[in-house]
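Participant: To start, I am sharing the structure in question, which I have written as structure tokens.
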Amino acid sequence: MSKSNDELFKNVISHAKEYGFVFPSSEIYDGLSAVYDYGQFGAELKNNIKTYWWKSMVQMHENIVGIDSAIFMHPKIWKASGHVDGFNDPMIDNKDSKKRYRADQLLEDKIAKYEKDGKTAKAESLQSAMDEALKNEDLPKLKDLIVEHEVVCPVSGTRNWTDVRQFNLMFSTQFGAMAEGSDEVYLRPETAQGIFVNFLNVQKTGRMKIPFGIAQIGKAFRNEVIARQFILRMREFEQMEMQFFVRPGEEMKWYAYWKEARLKWHLALGTATEKYRYHDHTKLAHYANAAVDIEFEFPFGFKEVEGIHSRTDFDLSQHQEFSGKKMQYFDPELNADGKPYGNYIPYVIETSIGLDRMFLLTLVNSFEEQELSEGDKTDSRTVLRLHPCLAPVKAAVLPLTKKDGLPEKAKEIMDRLKLDHNLIYEEKDSIGKRYRRQDAIGTPFCITVDHQTLEDNTVTIRHRDSMEQERVPASELERIIGDLVSWKNLLGS
RNA sequence: GCGGAAAUAGCUCAGUCGGUAGAGCAUCAGUUUCCCAAACUGAAGGCCGCGGGUUCGAAUCCCGUUUUCCGCUCCA
């Protein structure tokens, strides 16, 4: 990270705290590692990002519906999804090189070496011993095998190993008040499974026809080995994701469609195109046949914000196998041969965006420290150039002074407009200072009531980005502000 | 998890040789001004991250711990 970017990121974090966007969790008790709370303006901004996503995905697509599934799910689901196996890795550290490895991978490498050297018998005996140990989750045995077969660290070349430890990335808790006899359940490590297990419910009750999508916004939990970089990687995080069910064989068409559509969603907010890039996966997860990340250039480099994955029929097939319920769809449409497509397990295209990352992206991208000095008068301001639809506060109503009946007039306007929008009323301090305070939280418009208002019932609207003002009739305010912050501006583009 | 750095007011930071804590900005009350950080007066705000130790005495020295940042590592 370059020094200026480092500074920028630190300033954004300070700003986020100082102006009530993000606080460290449990701060008065020294905080809890990698857990953060959203403050008064942060919660508003986050809600607006959710609304933008939900409206874009659900409201704007007649064939996409939204659900809200529970965080607790049947433990078998995580066996079916592969998380119980995939999220449990036996790890071992080399004390000299300080490198960490997956114990089973070190042994796999050793087996490969034995085979290459023609020591087939040794390879086979190690393989079966390792499989046995992994199956029984016998960690000391894995360590013994590493010692016995003289596995060395590829970096340091030494055999100075720690014990093998299990890293479970899923949080677990006891289901049922009595610890004894209760079952262990996991906090979901992803929201996707809540959609897959409701596939039949939604399809049937919603009379959904393929292709169709199910969207969801919700919390997920991962016990990351290391969680850092502010709210970029947290142990408790929120996902906004949509699973789009398609006919087998048509998945690549829809993959391409969503890849493009999702980037458009980001760019519609006005972010510079060069801040984004696609990152195509070459190494695919076990369930995917194509995957791409949409990455944003944070001050500390390009990082994944959203993923678009072609998940094939892996998840639904797994649930069909583990639950014994048929996860099929009957497609009555006629194919090229004039026959119905018939029964099949749909293929799935997933779009999954990290809400907290999108929040951080929005903060970083809108944060600007402007130099406004003129002549010998030094001046500057910090402004969040948020899209009006995302801004926590849509407008501030400000009487120019505290007397001459201006506050009364301003409150009258405030009472009318607050029926539609989240507003702030403020009469303390000079007008310039109040403008700057609103800039700092990204309020796009300031409505100023002055002496002329009392004469002809006009007010000024001061625009955050240009700092310019226009005078409009107070009676027109509802329409004008309504138009300026309307979702139409964002969804229509 | 390893290594490095840091932690003092809401924010950014100063604090000398170990002698009971300061600035700027922000906040609150008031006077004055009235369209882009005005000025003045006053107030509030601190277990110097936490816990031990050394010392007559610790923000300061030592040990531990927590949290954060950076680099590794991890991220099916």
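Chains: A, B, ... in order of the structure tokens. Residues: from 1 per chain. Ligands: from 1, in order shown.
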Within 8 Å of chain A, which residues belong to chain B? Use only C-alpha atoms (C1' of nucleotides) and report them as an MDAnalysis selection string.

Facilitator: chainID B and resid 1:2 10:11 34:37 49 66:67 73:76

Participant: Would you mind exporting the chosen residues as an mmCIF file, in the first residue's frame, restricted to N, CA, C and O atoms (P, O5', C5', C4', C3', O3' and C1' of nucleotides)?

Facilitator:
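Contents of selection-v7.cif, as written:
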data_model
loop_
_atom_site.group_PDB
_atom_site.id
_atom_site.type_symbol
_atom_site.label_atom_id
_atom_site.label_comp_id
_atom_site.auth_asym_id
_atom_site.auth_seq_id
_atom_site.Cartn_x
_atom_site.Cartn_y
_atom_site.Cartn_z
ATOM 1 P P G B 1 -4.346 -17.155 17.828
ATOM 2 O "O5'" G B 1 -3.113 -17.551 16.928
ATOM 3 C "C5'" G B 1 -2.483 -18.768 17.204
ATOM 4 C "C4'" G B 1 -1.476 -19.023 16.141
ATOM 5 C "C3'" G B 1 -0.363 -17.990 16.041
ATOM 6 O "O3'" G B 1 0.638 -18.205 17.013
ATOM 7 C "C1'" G B 1 -1.164 -18.526 13.882
ATOM 8 P P C B 2 1.473 -16.951 17.596
ATOM 9 O "O5'" C B 2 2.544 -16.700 16.453
ATOM 10 C "C5'" C B 2 3.538 -17.670 16.172
ATOM 11 C "C4'" C B 2 4.430 -17.197 15.045
ATOM 12 C "C3'" C B 2 4.987 -15.792 15.205
ATOM 13 O "O3'" C B 2 6.125 -15.746 16.045
ATOM 14 C "C1'" C B 2 4.128 -16.045 13.029
ATOM 15 P P G B 10 -13.419 10.640 24.367
ATOM 16 O "O5'" G B 10 -13.708 10.556 22.801
ATOM 17 C "C5'" G B 10 -14.700 9.659 22.291
ATOM 18 C "C4'" G B 10 -15.077 10.096 20.909
ATOM 19 C "C3'" G B 10 -13.898 10.320 19.971
ATOM 20 O "O3'" G B 10 -13.561 9.141 19.280
ATOM 21 C "C1'" G B 10 -15.253 12.248 19.996
ATOM 22 P P C B 11 -12.030 8.776 19.014
ATOM 23 O "O5'" C B 11 -11.633 9.765 17.837
ATOM 24 C "C5'" C B 11 -12.174 9.602 16.534
ATOM 25 C "C4'" C B 11 -11.605 10.659 15.613
ATOM 26 C "C3'" C B 11 -10.084 10.743 15.609
ATOM 27 O "O3'" C B 11 -9.512 9.805 14.721
ATOM 28 C "C1'" C B 11 -10.975 12.906 15.895
ATOM 29 P P C B 34 -25.167 40.962 10.054
ATOM 30 O "O5'" C B 34 -25.302 39.675 9.125
ATOM 31 C "C5'" C B 34 -24.250 39.309 8.241
ATOM 32 C "C4'" C B 34 -24.429 37.869 7.823
ATOM 33 C "C3'" C B 34 -25.664 37.633 6.944
ATOM 34 O "O3'" C B 34 -25.403 36.551 6.080
ATOM 35 C "C1'" C B 34 -25.842 36.346 8.889
ATOM 36 P P C B 35 -24.985 36.841 4.581
ATOM 37 O "O5'" C B 35 -24.754 35.347 4.097
ATOM 38 C "C5'" C B 35 -23.958 34.474 4.868
ATOM 39 C "C4'" C B 35 -23.625 33.256 4.053
ATOM 40 C "C3'" C B 35 -23.187 33.571 2.623
ATOM 41 O "O3'" C B 35 -22.237 32.598 2.229
ATOM 42 C "C1'" C B 35 -25.075 32.184 2.589
ATOM 43 P P C B 36 -20.720 33.086 1.993
ATOM 44 O "O5'" C B 36 -19.896 31.864 2.569
ATOM 45 C "C5'" C B 36 -20.022 31.484 3.942
ATOM 46 C "C4'" C B 36 -19.572 30.056 4.099
ATOM 47 C "C3'" C B 36 -18.255 29.740 3.413
ATOM 48 O "O3'" C B 36 -17.549 28.799 4.214
ATOM 49 C "C1'" C B 36 -19.919 28.289 2.625
ATOM 50 P P A B 37 -16.365 29.444 5.209
ATOM 51 O "O5'" A B 37 -16.387 28.565 6.484
ATOM 52 C "C5'" A B 37 -17.274 27.569 6.861
ATOM 53 C "C4'" A B 37 -16.782 27.156 8.208
ATOM 54 C "C3'" A B 37 -15.850 28.165 8.857
ATOM 55 O "O3'" A B 37 -15.999 28.095 10.257
ATOM 56 C "C1'" A B 37 -14.701 26.165 8.553
ATOM 57 P P G B 49 -3.037 4.004 27.526
ATOM 58 O "O5'" G B 49 -4.234 2.969 27.252
ATOM 59 C "C5'" G B 49 -5.561 3.422 27.120
ATOM 60 C "C4'" G B 49 -6.463 2.226 27.102
ATOM 61 C "C3'" G B 49 -6.330 1.316 28.313
ATOM 62 O "O3'" G B 49 -7.104 1.767 29.395
ATOM 63 C "C1'" G B 49 -6.252 0.029 26.338
ATOM 64 P P U B 66 -4.523 -12.207 24.420
ATOM 65 O "O5'" U B 66 -5.423 -10.903 24.233
ATOM 66 C "C5'" U B 66 -6.713 -10.823 24.818
ATOM 67 C "C4'" U B 66 -7.262 -9.436 24.652
ATOM 68 C "C3'" U B 66 -7.346 -8.933 23.213
ATOM 69 O "O3'" U B 66 -8.515 -9.390 22.568
ATOM 70 C "C1'" U B 66 -6.372 -7.265 24.580
ATOM 71 P P U B 67 -8.538 -9.575 20.999
ATOM 72 O "O5'" U B 67 -8.478 -8.088 20.449
ATOM 73 C "C5'" U B 67 -9.602 -7.234 20.570
ATOM 74 C "C4'" U B 67 -9.228 -5.829 20.163
ATOM 75 C "C3'" U B 67 -8.659 -5.678 18.766
ATOM 76 O "O3'" U B 67 -9.666 -5.669 17.772
ATOM 77 C "C1'" U B 67 -7.330 -4.455 20.279
ATOM 78 P P U B 73 2.284 -16.030 1.707
ATOM 79 O "O5'" U B 73 1.394 -16.857 2.713
ATOM 80 C "C5'" U B 73 1.960 -17.899 3.497
ATOM 81 C "C4'" U B 73 1.017 -18.295 4.591
ATOM 82 C "C3'" U B 73 -0.409 -18.607 4.153
ATOM 83 O "O3'" U B 73 -0.541 -19.918 3.624
ATOM 84 C "C1'" U B 73 -0.479 -17.192 6.024
ATOM 85 P P C B 74 -1.540 -20.197 2.440
ATOM 86 O "O5'" C B 74 -2.950 -20.024 3.146
ATOM 87 C "C5'" C B 74 -3.357 -20.919 4.172
ATOM 88 C "C4'" C B 74 -4.638 -20.461 4.802
ATOM 89 C "C3'" C B 74 -5.798 -20.257 3.839
ATOM 90 O "O3'" C B 74 -6.442 -21.475 3.504
ATOM 91 C "C1'" C B 74 -5.663 -18.417 5.301
ATOM 92 P P C B 75 -7.010 -21.678 2.027
ATOM 93 O "O5'" C B 75 -8.213 -20.640 1.978
ATOM 94 C "C5'" C B 75 -9.352 -20.804 2.818
ATOM 95 C "C4'" C B 75 -10.257 -19.624 2.687
ATOM 96 C "C3'" C B 75 -10.737 -19.313 1.271
ATOM 97 O "O3'" C B 75 -11.819 -20.135 0.894
ATOM 98 C "C1'" C B 75 -10.029 -17.333 2.329
ATOM 99 P P A B 76 -11.956 -20.633 -0.623
ATOM 100 O "O5'" A B 76 -12.282 -22.175 -0.488
ATOM 101 C "C5'" A B 76 -11.351 -23.052 0.152
ATOM 102 C "C4'" A B 76 -11.808 -24.473 0.029
ATOM 103 C "C3'" A B 76 -11.948 -24.954 -1.426
ATOM 104 O "O3'" A B 76 -11.608 -26.352 -1.469
ATOM 105 C "C1'" A B 76 -14.003 -25.160 -0.307
#

Participant: Based on the backbone DSSP call, show me all residues of segment 270-458 of chain A assigned strand (DSSP E), as a PyMOL selection string.

Facilitator: chain A and resi 276-280+290-298+301-312+329-334+340-344+347-354+367-371+380-384+395-399+423-425+445-449+458

Participant: Could you please determine the separation between atom CA of Ile67 of chain A and atom CA of Glu236 of chain A in Å, to one decimal place?

Facilitator: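 Between these atoms lies a distance of 20.1 Å.
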
Participant: Pick out the residues sitting within 12 Å of U54 of chain B, and hand them over as a PyMOL selection string; count only C-alpha atoms (C1' of nucleotides), and ignore anything fewer than 6 positions along from it in its own chain.

Facilitator: chain B and resi 18+61-63

Participant: Could those residues be written to a file, using N, CA, C and O atoms (P, O5', C5', C4', C3', O3' and C1' of nucleotides), as a compact mmCIF listing (two decimals), in the first residue's frame?

Facilitator:
# COMPACT_ATOMS: atom_id res chain seq x y z
P G B 18 13.75 8.74 32.90
O5' G B 18 12.34 8.81 33.60
C5' G B 18 11.18 9.27 32.90
C4' G B 18 10.07 9.49 33.88
C3' G B 18 10.29 10.63 34.85
O3' G B 18 9.03 11.14 35.26
C1' G B 18 10.13 8.64 36.05
P C B 61 9.02 4.09 28.25
O5' C B 61 9.78 3.20 29.34
C5' C B 61 11.17 3.37 29.55
C4' C B 61 11.69 2.33 30.52
C3' C B 61 11.11 0.94 30.34
O3' C B 61 11.77 0.22 29.31
C1' C B 61 11.02 1.51 32.62
P C B 62 10.96 -0.90 28.48
O5' C B 62 10.87 -2.10 29.53
C5' C B 62 12.04 -2.80 29.96
C4' C B 62 11.64 -3.92 30.89
C3' C B 62 10.55 -4.84 30.37
O3' C B 62 11.05 -5.83 29.50
C1' C B 62 10.04 -4.21 32.58
P C B 63 10.09 -6.40 28.34
O5' C B 63 9.11 -7.35 29.16
C5' C B 63 9.60 -8.51 29.81
C4' C B 63 8.49 -9.20 30.57
C3' C B 63 7.22 -9.50 29.77
O3' C B 63 7.34 -10.66 28.98
C1' C B 63 6.62 -8.54 31.83

Participant: Please measure the separation of atom CA of Leu490 of chain A and atom CA of Thr191 of chain A, giving the value in Å to one decimal.

Facilitator: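 If I compute the distance from atom CA of Leu490 of chain A to atom CA of Thr191 of chain A, I get 26.4 Å.
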
Participant: Please indicate the distance in Å from atom CA of Pro444 of chain A to atom CA of Ala396 of chain A, rounded to one decimal place.

Facilitator: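 Value for the atom CA of Pro444 of chain A-atom CA of Ala396 of chain A distance: 8.7 Å.
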